[in-house]
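Colleague: For reference, this is data_33.cif, and it has mmCIF, C-alpha atoms.
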data_final
#
loop_
_atom_site.group_PDB
_atom_site.id
_atom_site.type_symbol
_atom_site.label_atom_id
_atom_site.label_comp_id
_atom_site.auth_asym_id
_atom_site.auth_seq_id
_atom_site.Cartn_x
_atom_site.Cartn_y
_atom_site.Cartn_z
ATOM 1 C CA MET A 298 27.357 -25.376 10.272
ATOM 2 C CA ALA A 299 24.340 -25.688 12.566
ATOM 3 C CA VAL A 300 21.008 -24.591 11.184
ATOM 4 C CA GLN A 301 20.605 -22.121 14.056
ATOM 5 C CA GLU A 302 23.821 -20.369 12.943
ATOM 6 C CA ALA A 303 22.781 -19.984 9.309
ATOM 7 C CA GLY A 304 23.049 -16.350 8.285
ATOM 8 C CA SER A 305 24.439 -15.146 11.632
ATOM 9 C CA ARG A 306 26.503 -12.521 9.764
ATOM 10 C CA TRP A 307 23.282 -11.003 8.437
ATOM 11 C CA ARG A 308 21.199 -11.188 11.576
ATOM 12 C CA ARG A 309 19.588 -8.001 12.849
ATOM 13 C CA ASP A 310 18.256 -7.329 16.334
ATOM 14 C CA ASP A 311 15.581 -4.779 15.424
ATOM 15 C CA ALA A 312 12.819 -4.467 12.860
ATOM 16 C CA GLN A 313 14.347 -1.362 11.248
ATOM 17 C CA GLY A 314 17.644 -3.159 10.682
ATOM 18 C CA THR A 315 15.826 -6.142 9.224
ATOM 19 C CA ASP A 316 13.897 -3.952 6.802
ATOM 20 C CA SER A 317 17.040 -2.214 5.588
ATOM 21 C CA ALA A 318 19.034 -5.427 5.148
ATOM 22 C CA LEU A 319 16.311 -7.405 3.364
ATOM 23 C CA PRO A 320 16.696 -5.790 -0.102
ATOM 24 C CA GLU A 321 20.473 -6.354 -0.041
ATOM 25 C CA LEU A 322 20.163 -9.995 0.979
ATOM 26 C CA ARG A 323 17.463 -10.638 -1.603
ATOM 27 C CA ALA A 324 19.473 -8.954 -4.392
ATOM 28 C CA ARG A 325 22.653 -10.893 -3.608
ATOM 29 C CA TRP A 326 20.734 -14.160 -3.354
ATOM 30 C CA ARG A 327 19.037 -13.538 -6.714
ATOM 31 C CA ALA A 328 22.358 -12.743 -8.391
ATOM 32 C CA ALA A 329 24.000 -15.859 -6.948
ATOM 33 C CA SER A 330 21.038 -18.002 -7.962
ATOM 34 C CA THR A 331 21.237 -16.684 -11.513
ATOM 35 C CA ARG A 332 24.927 -17.573 -11.640
ATOM 36 C CA ALA A 333 24.035 -21.027 -10.306
ATOM 37 C CA GLY A 334 21.753 -21.616 -13.286
ATOM 38 C CA TRP A 335 18.315 -20.250 -12.428
ATOM 39 C CA ARG A 336 16.694 -20.350 -15.865
ATOM 40 C CA PHE A 337 14.218 -17.482 -15.733
ATOM 41 C CA PRO A 338 15.446 -14.610 -13.498
ATOM 42 C CA SER A 339 12.153 -12.749 -13.904
ATOM 43 C CA ASP A 340 10.345 -15.662 -12.225
ATOM 44 C CA TRP A 341 12.733 -15.954 -9.284
ATOM 45 C CA GLY A 342 10.950 -13.525 -6.984
ATOM 46 C CA ALA A 343 8.155 -14.865 -4.794
ATOM 47 C CA PRO A 344 6.568 -13.852 -1.468
ATOM 48 C CA GLU A 345 8.248 -16.904 0.093
ATOM 49 C CA VAL A 346 11.676 -15.445 -0.797
ATOM 50 C CA ASP A 347 11.002 -12.550 1.575
ATOM 51 C CA GLU A 348 9.767 -15.054 4.164
ATOM 52 C CA VAL A 349 13.152 -16.816 4.021
ATOM 53 C CA CYS A 350 15.066 -13.520 4.145
ATOM 54 C CA ASN A 351 13.091 -12.398 7.181
ATOM 55 C CA ALA A 352 13.768 -15.718 8.903
ATOM 56 C CA VAL A 353 17.508 -15.235 8.292
ATOM 57 C CA LEU A 354 17.594 -11.614 9.440
ATOM 58 C CA ALA A 355 15.363 -12.017 12.475
ATOM 59 C CA GLY A 356 16.539 -15.470 13.558
ATOM 60 C CA GLY A 357 13.164 -17.050 12.752
ATOM 61 C CA ASP A 358 12.227 -20.580 11.718
ATOM 62 C CA LEU A 359 14.456 -20.946 8.659
ATOM 63 C CA LEU A 360 13.550 -24.581 7.966
ATOM 64 C CA SER A 361 9.851 -23.768 7.886
ATOM 65 C CA ALA A 362 10.426 -20.780 5.617
ATOM 66 C CA LEU A 363 12.556 -22.837 3.252
ATOM 67 C CA GLY A 364 9.840 -25.476 3.160
ATOM 68 C CA ASP A 365 7.290 -22.842 2.107
ATOM 69 C CA LEU A 366 9.643 -21.632 -0.626
ATOM 70 C CA ALA A 367 10.328 -25.155 -1.867
ATOM 71 C CA ARG A 368 6.610 -25.844 -2.141
ATOM 72 C CA ALA A 369 6.107 -22.576 -4.012
ATOM 73 C CA ARG A 370 8.954 -23.509 -6.407
ATOM 74 C CA ALA A 371 7.409 -26.922 -7.068
ATOM 75 C CA PHE A 372 3.965 -25.467 -7.741
ATOM 76 C CA ALA A 373 5.568 -22.900 -10.064
ATOM 77 C CA GLY A 374 7.223 -25.692 -12.068
ATOM 78 C CA ALA A 375 10.846 -25.405 -10.896
ATOM 79 C CA ASP A 376 12.574 -28.798 -10.854
ATOM 80 C CA LEU A 377 14.439 -30.172 -7.841
ATOM 81 C CA ASP A 378 17.932 -29.494 -9.222
ATOM 82 C CA GLU A 379 17.054 -25.846 -9.807
ATOM 83 C CA THR A 380 15.450 -25.543 -6.361
ATOM 84 C CA LEU A 381 18.499 -27.017 -4.608
ATOM 85 C CA ALA A 382 20.851 -24.825 -6.666
ATOM 86 C CA ASP A 383 18.826 -21.829 -5.480
ATOM 87 C CA LEU A 384 19.241 -23.049 -1.893
ATOM 88 C CA ALA A 385 22.995 -23.413 -2.464
ATOM 89 C CA ALA A 386 23.056 -19.829 -3.721
ATOM 90 C CA LEU A 387 21.403 -18.637 -0.502
ATOM 91 C CA HIS A 388 23.845 -20.623 1.611
ATOM 92 C CA ALA A 389 26.812 -19.207 -0.290
ATOM 93 C CA VAL A 390 25.585 -15.656 0.225
ATOM 94 C CA LEU A 391 25.032 -16.260 3.932
ATOM 95 C CA GLU A 392 28.510 -17.713 4.333
ATOM 96 C CA SER A 393 30.536 -15.280 2.244
ATOM 97 C CA PRO A 394 30.895 -11.510 2.731
ATOM 98 C CA THR A 395 32.085 -11.068 -0.888
ATOM 99 C CA GLU A 396 29.850 -10.117 -3.766
ATOM 100 C CA ASP A 397 31.047 -12.753 -6.250
ATOM 101 C CA VAL A 398 30.085 -16.004 -4.535
ATOM 102 C CA ARG A 399 30.157 -19.402 -6.220
ATOM 103 C CA PRO A 400 27.308 -21.637 -5.009
ATOM 104 C CA ASP A 401 28.210 -25.277 -4.372
ATOM 105 C CA PRO A 402 25.286 -27.578 -3.565
ATOM 106 C CA ASP A 403 27.675 -30.091 -1.987
ATOM 107 C CA THR A 404 28.491 -27.637 0.823
ATOM 108 C CA THR A 405 24.870 -26.895 1.767
ATOM 109 C CA PRO A 406 24.056 -28.153 5.299
ATOM 110 C CA ALA A 407 22.214 -31.460 5.264
ATOM 111 C CA ALA A 408 19.352 -30.150 7.419
ATOM 112 C CA LEU A 409 18.619 -27.363 4.939
ATOM 113 C CA LEU A 410 18.845 -29.754 1.988
ATOM 114 C CA ARG A 411 16.565 -32.298 3.607
ATOM 115 C CA SER A 412 13.898 -29.773 4.606
ATOM 116 C CA THR A 413 13.870 -28.202 1.154
ATOM 117 C CA ALA A 414 13.910 -31.468 -0.780
ATOM 118 C CA LEU A 415 11.118 -33.042 1.280
ATOM 119 C CA ALA A 416 8.892 -29.976 0.950
ATOM 120 C CA TRP A 417 9.535 -29.779 -2.801
ATOM 121 C CA ALA A 418 8.744 -33.499 -3.231
ATOM 122 C CA ASP A 419 5.564 -33.201 -1.179
ATOM 123 C CA ALA A 420 4.307 -30.322 -3.313
ATOM 124 C CA ALA A 421 5.388 -31.996 -6.546
ATOM 125 C CA LEU A 422 3.398 -35.103 -5.637
ATOM 126 C CA SER A 423 0.411 -32.928 -4.775
ATOM 127 C CA ARG A 424 0.632 -31.409 -8.252
ATOM 128 C CA LEU A 425 0.963 -34.833 -9.829
ATOM 129 C CA HIS A 426 -2.119 -36.133 -8.084
ATOM 130 C CA ALA A 427 -4.118 -32.913 -8.254
ATOM 131 C CA GLY A 428 -6.807 -34.812 -10.133
ATOM 132 C CA ASP A 429 -7.102 -37.295 -7.256
ATOM 133 C CA ILE A 430 -8.336 -34.891 -4.592
ATOM 134 C CA THR A 431 -11.803 -36.431 -4.761
ATOM 135 C CA ASP A 432 -12.921 -39.893 -3.774
ATOM 136 C CA THR A 433 -13.483 -41.947 -6.928
ATOM 137 C CA LEU A 434 -16.780 -43.479 -5.820
ATOM 138 C CA SER A 435 -18.469 -40.745 -3.814
ATOM 139 C CA GLY A 436 -17.112 -37.694 -5.636
ATOM 140 C CA GLN A 437 -16.405 -36.047 -2.269
ATOM 141 C CA ALA A 438 -13.212 -34.054 -1.658
ATOM 142 C CA ASN A 439 -10.747 -36.234 0.277
ATOM 143 C CA ALA A 440 -7.900 -35.976 2.792
ATOM 144 C CA ASP A 441 -5.360 -34.943 0.119
ATOM 145 C CA TYR A 442 -7.461 -31.897 -0.678
ATOM 146 C CA LEU A 443 -7.726 -30.954 2.985
ATOM 147 C CA ARG A 444 -3.956 -31.363 3.512
ATOM 148 C CA VAL A 445 -3.316 -28.938 0.655
ATOM 149 C CA ARG A 446 -5.751 -26.420 2.158
ATOM 150 C CA LEU A 447 -4.142 -26.768 5.586
ATOM 151 C CA GLY A 448 -0.711 -26.203 4.057
ATOM 152 C CA GLU A 449 -1.929 -23.002 2.416
ATOM 153 C CA ILE A 450 -3.462 -21.753 5.652
ATOM 154 C CA TYR A 451 -0.396 -22.517 7.772
ATOM 155 C CA ALA A 452 1.861 -20.842 5.195
ATOM 156 C CA GLU A 453 -0.354 -17.749 5.184
ATOM 157 C CA CYS A 454 -0.388 -17.571 8.980
ATOM 158 C CA ARG A 455 3.407 -17.974 9.190
ATOM 159 C CA ARG A 456 3.826 -15.095 6.771
ATOM 160 C CA LYS A 457 1.447 -12.900 8.759
ATOM 161 C CA GLY A 458 2.860 -13.938 12.116
ATOM 162 C CA THR A 459 -0.444 -15.361 13.347
ATOM 163 C CA CYS A 460 -1.452 -18.723 14.786
ATOM 164 C CA PRO A 461 -3.887 -20.875 12.745
ATOM 165 C CA ALA A 462 -5.402 -22.207 15.975
ATOM 166 C CA ASP A 463 -6.599 -18.693 16.816
ATOM 167 C CA ARG A 464 -8.539 -18.375 13.567
ATOM 168 C CA TYR A 465 -9.491 -21.843 12.287
ATOM 169 C CA VAL A 466 -11.029 -25.056 13.611
ATOM 170 C CA LEU A 467 -12.037 -28.418 12.226
ATOM 171 C CA LEU A 468 -15.674 -29.391 12.536
ATOM 172 C CA VAL A 469 -15.706 -33.188 12.605
ATOM 173 C CA ALA A 470 -18.833 -35.194 11.712
ATOM 174 C CA THR A 471 -18.703 -38.944 12.403
ATOM 175 C CA LEU A 472 -21.230 -41.707 11.891
ATOM 176 C CA ASP A 473 -21.509 -45.061 13.596
ATOM 177 C CA LEU A 474 -21.854 -47.292 10.535
ATOM 178 C CA SER A 475 -20.861 -50.516 12.247
ATOM 179 C CA LYS A 476 -24.327 -51.987 11.530
ATOM 180 C CA VAL A 477 -24.521 -50.658 7.974
ATOM 181 C CA SER A 478 -23.056 -52.428 4.964
ATOM 182 C CA GLY A 479 -22.724 -52.181 1.201
ATOM 183 C CA TRP A 480 -23.703 -49.132 -0.803
ATOM 184 C CA SER A 481 -25.636 -47.694 2.115
ATOM 185 C CA ARG A 482 -22.336 -46.824 3.831
ATOM 186 C CA LEU A 483 -21.197 -44.900 0.766
ATOM 187 C CA MET A 484 -24.526 -43.110 0.400
ATOM 188 C CA ALA A 485 -24.430 -42.136 4.069
ATOM 189 C CA MET A 486 -21.185 -40.208 3.590
ATOM 190 C CA VAL A 487 -22.458 -38.630 0.371
ATOM 191 C CA LEU A 488 -25.437 -37.337 2.334
ATOM 192 C CA VAL A 489 -23.185 -36.058 5.136
ATOM 193 C CA GLY A 490 -20.977 -34.230 2.652
ATOM 194 C CA ASP A 491 -24.010 -32.662 0.965
ATOM 195 C CA VAL A 492 -25.379 -31.421 4.290
ATOM 196 C CA LEU A 493 -22.063 -29.957 5.405
ATOM 197 C CA ARG A 494 -21.629 -28.094 2.128
ATOM 198 C CA ALA A 495 -25.184 -26.738 2.436
ATOM 199 C CA VAL A 496 -24.634 -25.494 6.000
ATOM 200 C CA PHE A 497 -21.060 -24.274 5.447
ATOM 201 C CA ASP A 498 -21.571 -22.526 2.137
ATOM 202 C CA GLY A 499 -19.289 -19.524 2.589
ATOM 203 C CA GLY A 500 -16.110 -20.911 1.057
ATOM 204 C CA GLU A 501 -15.246 -23.362 3.855
ATOM 205 C CA SER A 502 -13.387 -26.559 2.901
ATOM 206 C CA VAL A 503 -15.383 -29.794 3.233
ATOM 207 C CA ALA A 504 -13.780 -33.234 2.845
ATOM 208 C CA VAL A 505 -14.518 -36.873 3.631
ATOM 209 C CA LEU A 506 -11.538 -38.358 5.471
ATOM 210 C CA GLY A 507 -12.662 -41.943 5.864
ATOM 211 C CA PRO A 508 -15.570 -44.342 5.478
ATOM 212 C CA SER A 509 -17.424 -42.686 8.357
ATOM 213 C CA VAL A 510 -15.774 -39.266 8.927
ATOM 214 C CA ALA A 511 -16.286 -35.893 7.236
ATOM 215 C CA VAL A 512 -14.556 -32.638 8.169
ATOM 216 C CA VAL A 513 -15.091 -28.926 7.597
ATOM 217 C CA LEU A 514 -12.122 -26.550 7.810
ATOM 218 C CA THR A 515 -13.758 -23.306 8.904
ATOM 219 C CA GLU A 516 -13.011 -20.054 10.661
ATOM 220 C CA ARG A 517 -13.883 -19.650 14.315
ATOM 221 C CA GLU A 518 -16.959 -17.487 14.675
ATOM 222 C CA THR A 519 -19.681 -16.722 17.181
ATOM 223 C CA GLY A 520 -22.312 -18.708 15.290
ATOM 224 C CA LEU A 521 -20.213 -21.848 14.840
ATOM 225 C CA ALA A 522 -21.899 -23.840 17.613
ATOM 226 C CA GLU A 523 -25.338 -23.091 16.164
ATOM 227 C CA ARG A 524 -24.247 -24.124 12.666
ATOM 228 C CA ALA A 525 -22.736 -27.332 14.052
ATOM 229 C CA ALA A 526 -26.056 -28.127 15.768
ATOM 230 C CA ASP A 527 -27.937 -27.389 12.542
ATOM 231 C CA ALA A 528 -25.613 -29.728 10.632
ATOM 232 C CA ARG A 529 -26.195 -32.544 13.101
ATOM 233 C CA LEU A 530 -29.984 -32.212 12.918
ATOM 234 C CA LEU A 531 -29.968 -32.039 9.116
ATOM 235 C CA ILE A 532 -27.709 -35.079 8.839
ATOM 236 C CA LYS A 533 -30.006 -37.036 11.142
ATOM 237 C CA ASP A 534 -33.062 -35.972 9.138
ATOM 238 C CA ARG A 535 -31.481 -36.858 5.793
ATOM 239 C CA LEU A 536 -30.324 -40.260 7.020
ATOM 240 C CA GLY A 537 -33.721 -40.949 8.565
ATOM 241 C CA VAL A 538 -35.335 -40.993 5.133
ATOM 242 C CA ASP A 539 -33.391 -44.152 4.235
ATOM 243 C CA PRO A 540 -34.681 -47.187 6.184
ATOM 244 C CA ASP A 541 -31.252 -48.832 5.834
ATOM 245 C CA LEU A 542 -29.553 -45.888 7.544
ATOM 246 C CA GLY A 543 -31.951 -44.064 9.832
ATOM 247 C CA PRO A 544 -32.122 -46.409 12.833
ATOM 248 C CA ASP A 545 -28.393 -47.197 12.982
ATOM 249 C CA ALA A 546 -26.384 -44.280 11.568
ATOM 250 C CA THR A 547 -26.150 -41.870 14.512
ATOM 251 C CA PRO A 548 -24.272 -38.632 13.728
ATOM 252 C CA GLU A 549 -21.843 -36.959 16.106
ATOM 253 C CA VAL A 550 -20.609 -33.434 15.349
ATOM 254 C CA ARG A 551 -17.811 -31.813 17.329
ATOM 255 C CA VAL A 552 -15.376 -28.919 16.989
ATOM 256 C CA GLN A 553 -11.664 -29.780 17.002
ATOM 257 C CA ARG A 554 -9.074 -27.100 17.715
ATOM 258 C CA LEU A 555 -6.151 -26.944 15.277
ATOM 259 C CA PRO A 556 -2.623 -27.435 16.640
ATOM 260 C CA ALA A 557 -0.048 -24.656 16.307
ATOM 261 C CA GLY A 558 2.195 -26.508 13.825
ATOM 262 C CA GLU A 559 1.439 -27.910 10.374
ATOM 263 C CA PRO A 560 3.025 -31.368 10.967
ATOM 264 C CA ALA A 561 0.836 -31.818 14.038
ATOM 265 C CA ALA A 562 -2.205 -30.786 11.987
ATOM 266 C CA VAL A 563 -1.427 -33.435 9.346
ATOM 267 C CA SER A 564 -1.063 -36.030 12.112
ATOM 268 C CA LEU A 565 -4.392 -34.892 13.535
ATOM 269 C CA LEU A 566 -6.068 -35.530 10.174
ATOM 270 C CA ARG A 567 -4.703 -39.073 10.181
ATOM 271 C CA GLU A 568 -6.064 -39.648 13.690
ATOM 272 C CA ILE A 569 -9.477 -38.273 12.758
ATOM 273 C CA SER A 570 -9.660 -40.404 9.614
ATOM 274 C CA ARG A 571 -9.230 -43.566 11.739
ATOM 275 C CA ALA A 572 -12.193 -42.699 13.946
#
In structure tokens, write the structure found in this file.
Modeller:
Amino acid sequence: MAVQEAGSRWRRDDAQGTDSALPELRARWRAASTRAGWRFPSDWGAPEVDEVCNAVLAGGDLLSALGDLARARAFAGADLDETLADLAALHAVLESPTEDVRPDPDTTPAALLRSTALAWADAALSRLHAGDITDTLSGQANADYLRVRLGEIYAECRRKGTCPADRYVLLVATLDLSKVSGWSRLMAMVLVGDVLRAVFDGGESVAVLGPSVAVVLTERETGLAERAADARLLIKDRLGVDPDLGPDATPEVRVQRLPAGEPAAVSLLREISRA
């Protein structure tokens, strides 16, 4: 069965029909998942469950919704077998008009399995390395931390039907450290991180992505350009105090628009970190 055809029996063409069908689909899925071995029925419900149901009923991005649910399951402590059995329960409900369905993970479409398993594994690894979201030497938040924050923002925007690019941007601060060596390079990025956190002190996410790049994940606002200019001047002033840094470490601060999709945003972080 093609992914695009998943749940075609349940699909609704209007918002009112979707709203009325959602409780039935959710209830049948929960019952099937319990029969498939979900250990704690009271913990089955999650906002991402409704996201998946809405994707089924409205013909939305089912793979993306399943990925959000898989990540939520991993963060909640559900193991992979249980998560895939829950997916099999959904597939069985979508395929069968009868109440008493028998989920079989071996019949779940490969595309749905792959999307769910990869998202679960990604979140599980994030949990495993949650203590490694800071750089060991500098103590600055790193790329892993920023990827987690981006994932949360993209999931929130998908649920609300908004585009992250309309609300958020990355402010990228880079230094030319080609003439700087040793501990001075490390101290330069510590100083940059300190300045960015001082300027963007309203809950924005600040991380160091590489040996000469720091990034702020912040909301778009009318005063952003002024704050970016302030950050550049402060970085230059702080670096100028150190004779090993001042003459050679020239800061550049720019605003980078976020792409519409989360995979493209992760790729963008990799590109920025190589700058």
Colleague: Interatomic distance between CA of Val512 (chain A) and CA of Leu467 (chain A)?
Modeller: 6.4 Å
Colleague: For the structure provided, state which residues fall under the PyMOL selection byres ((chain A and resi 333) around 8), and present them as an NGL selection string.
Modeller: :A and (329-332 or 334-335 or 382-383 or 386 or 399-400)
Colleague: So what does the PyMOL selection byres ((chain A and resi 533) around 12) actually pick up in this one, as a PyMOL selection string?
Modeller: chain A and resi 470-473+485+488-489+492+526-532+534-539+542-550
Colleague: Please save C-alpha atoms of the selected residues as a PDB file, keeping the file's coordinate frame.
Modeller:
ATOM      1  CA  ALA A 470     -18.833 -35.194  11.712  1.00  0.00           C
ATOM      2  CA  THR A 471     -18.703 -38.944  12.403  1.00  0.00           C
ATOM      3  CA  LEU A 472     -21.230 -41.707  11.891  1.00  0.00           C
ATOM      4  CA  ASP A 473     -21.509 -45.061  13.596  1.00  0.00           C
ATOM      5  CA  ALA A 485     -24.430 -42.136   4.069  1.00  0.00           C
ATOM      6  CA  LEU A 488     -25.437 -37.337   2.334  1.00  0.00           C
ATOM      7  CA  VAL A 489     -23.185 -36.058   5.136  1.00  0.00           C
ATOM      8  CA  VAL A 492     -25.379 -31.421   4.290  1.00  0.00           C
ATOM      9  CA  ALA A 526     -26.056 -28.127  15.768  1.00  0.00           C
ATOM     10  CA  ASP A 527     -27.937 -27.389  12.542  1.00  0.00           C
ATOM     11  CA  ALA A 528     -25.613 -29.728  10.632  1.00  0.00           C
ATOM     12  CA  ARG A 529     -26.195 -32.544  13.101  1.00  0.00           C
ATOM     13  CA  LEU A 530     -29.984 -32.212  12.918  1.00  0.00           C
ATOM     14  CA  LEU A 531     -29.968 -32.039   9.116  1.00  0.00           C
ATOM     15  CA  ILE A 532     -27.709 -35.079   8.839  1.00  0.00           C
ATOM     16  CA  ASP A 534     -33.062 -35.972   9.138  1.00  0.00           C
ATOM     17  CA  ARG A 535     -31.481 -36.858   5.793  1.00  0.00           C
ATOM     18  CA  LEU A 536     -30.324 -40.260   7.020  1.00  0.00           C
ATOM     19  CA  GLY A 537     -33.721 -40.949   8.565  1.00  0.00           C
ATOM     20  CA  VAL A 538     -35.335 -40.993   5.133  1.00  0.00           C
ATOM     21  CA  ASP A 539     -33.391 -44.152   4.235  1.00  0.00           C
ATOM     22  CA  LEU A 542     -29.553 -45.888   7.544  1.00  0.00           C
ATOM     23  CA  GLY A 543     -31.951 -44.064   9.832  1.00  0.00           C
ATOM     24  CA  PRO A 544     -32.122 -46.409  12.833  1.00  0.00           C
ATOM     25  CA  ASP A 545     -28.393 -47.197  12.982  1.00  0.00           C
ATOM     26  CA  ALA A 546     -26.384 -44.280  11.568  1.00  0.00           C
ATOM     27  CA  THR A 547     -26.150 -41.870  14.512  1.00  0.00           C
ATOM     28  CA  PRO A 548     -24.272 -38.632  13.728  1.00  0.00           C
ATOM     29  CA  GLU A 549     -21.843 -36.959  16.106  1.00  0.00           C
ATOM     30  CA  VAL A 550     -20.609 -33.434  15.349  1.00  0.00           C
TER      31      VAL A 550
END
Colleague: Would you kindly return, as a short mmCIF file (atom, residue, chain, number, x, y, z; two decimals) with C-alpha atoms, in the frame of the given file, each protein, DNA or RNA residue with an atom no farther than 10 Å from any atom of Ala375 (chain A), considering all atoms listed in the file and excluding same-chain residues fewer than 6 positions away?
Modeller:
data_model
loop_
_atom_site.label_atom_id
_atom_site.label_comp_id
_atom_site.auth_asym_id
_atom_site.auth_seq_id
_atom_site.Cartn_x
_atom_site.Cartn_y
_atom_site.Cartn_z
CA TRP A 335 18.32 -20.25 -12.43
CA ARG A 336 16.69 -20.35 -15.86
CA PHE A 337 14.22 -17.48 -15.73
CA ASP A 340 10.34 -15.66 -12.22
CA TRP A 341 12.73 -15.95 -9.28
CA ALA A 367 10.33 -25.16 -1.87
CA ARG A 368 6.61 -25.84 -2.14
CA ALA A 369 6.11 -22.58 -4.01
CA TRP A 417 9.54 -29.78 -2.80
CA ALA A 421 5.39 -32.00 -6.55
#
Colleague: Any chance you could resolve the PyMOL selection byres ((chain A and resi 557-563) around 12) against this file and give the residues as a ChimeraX atom specification?
Modeller: /A:358,361,364-365,416,440-455,458-467,506,514,553-556,564-570
Colleague: Please determine, counting all atoms listed in the file, which residue among A:Pro402, A:Ala525, A:Arg456, A:Arg411 has the shortest atom-to-atom distance to Val346 (chain A).
Modeller: A:Arg456
Colleague: How far is it from CA of Leu493 (chain A) to CA of Glu516 (chain A), in Å with one decimal?
Modeller: 14.4 Å
Colleague: Between CA of Phe497 (chain A) and CA of Glu518 (chain A), what is the distance in Å, rounded to a tenth?
Modeller: 12.2 Å
Colleague: Which one of A:Ser481, A:Arg327, A:Gln437, A:Ala385 sits closest to Ser339 (chain A) if you count all atoms listed in the file?
Modeller: A:Arg327
Colleague: Identify which of the residues A:Leu387, A:Leu468, A:Ala371, A:Ala420 lies closest to Ala324 (chain A), counting only C-alpha atoms when measuring atom-to-atom distances.
Modeller: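 Closest residue, counting only C-alpha atoms: A:Leu387.
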Colleague: Given the choices A:Leu521, A:Ala418, A:Ala407, A:Ala438, which gets closest to Met486 (chain A) if the distance is worked out from all atoms listed in the file?
Modeller: A:Ala438
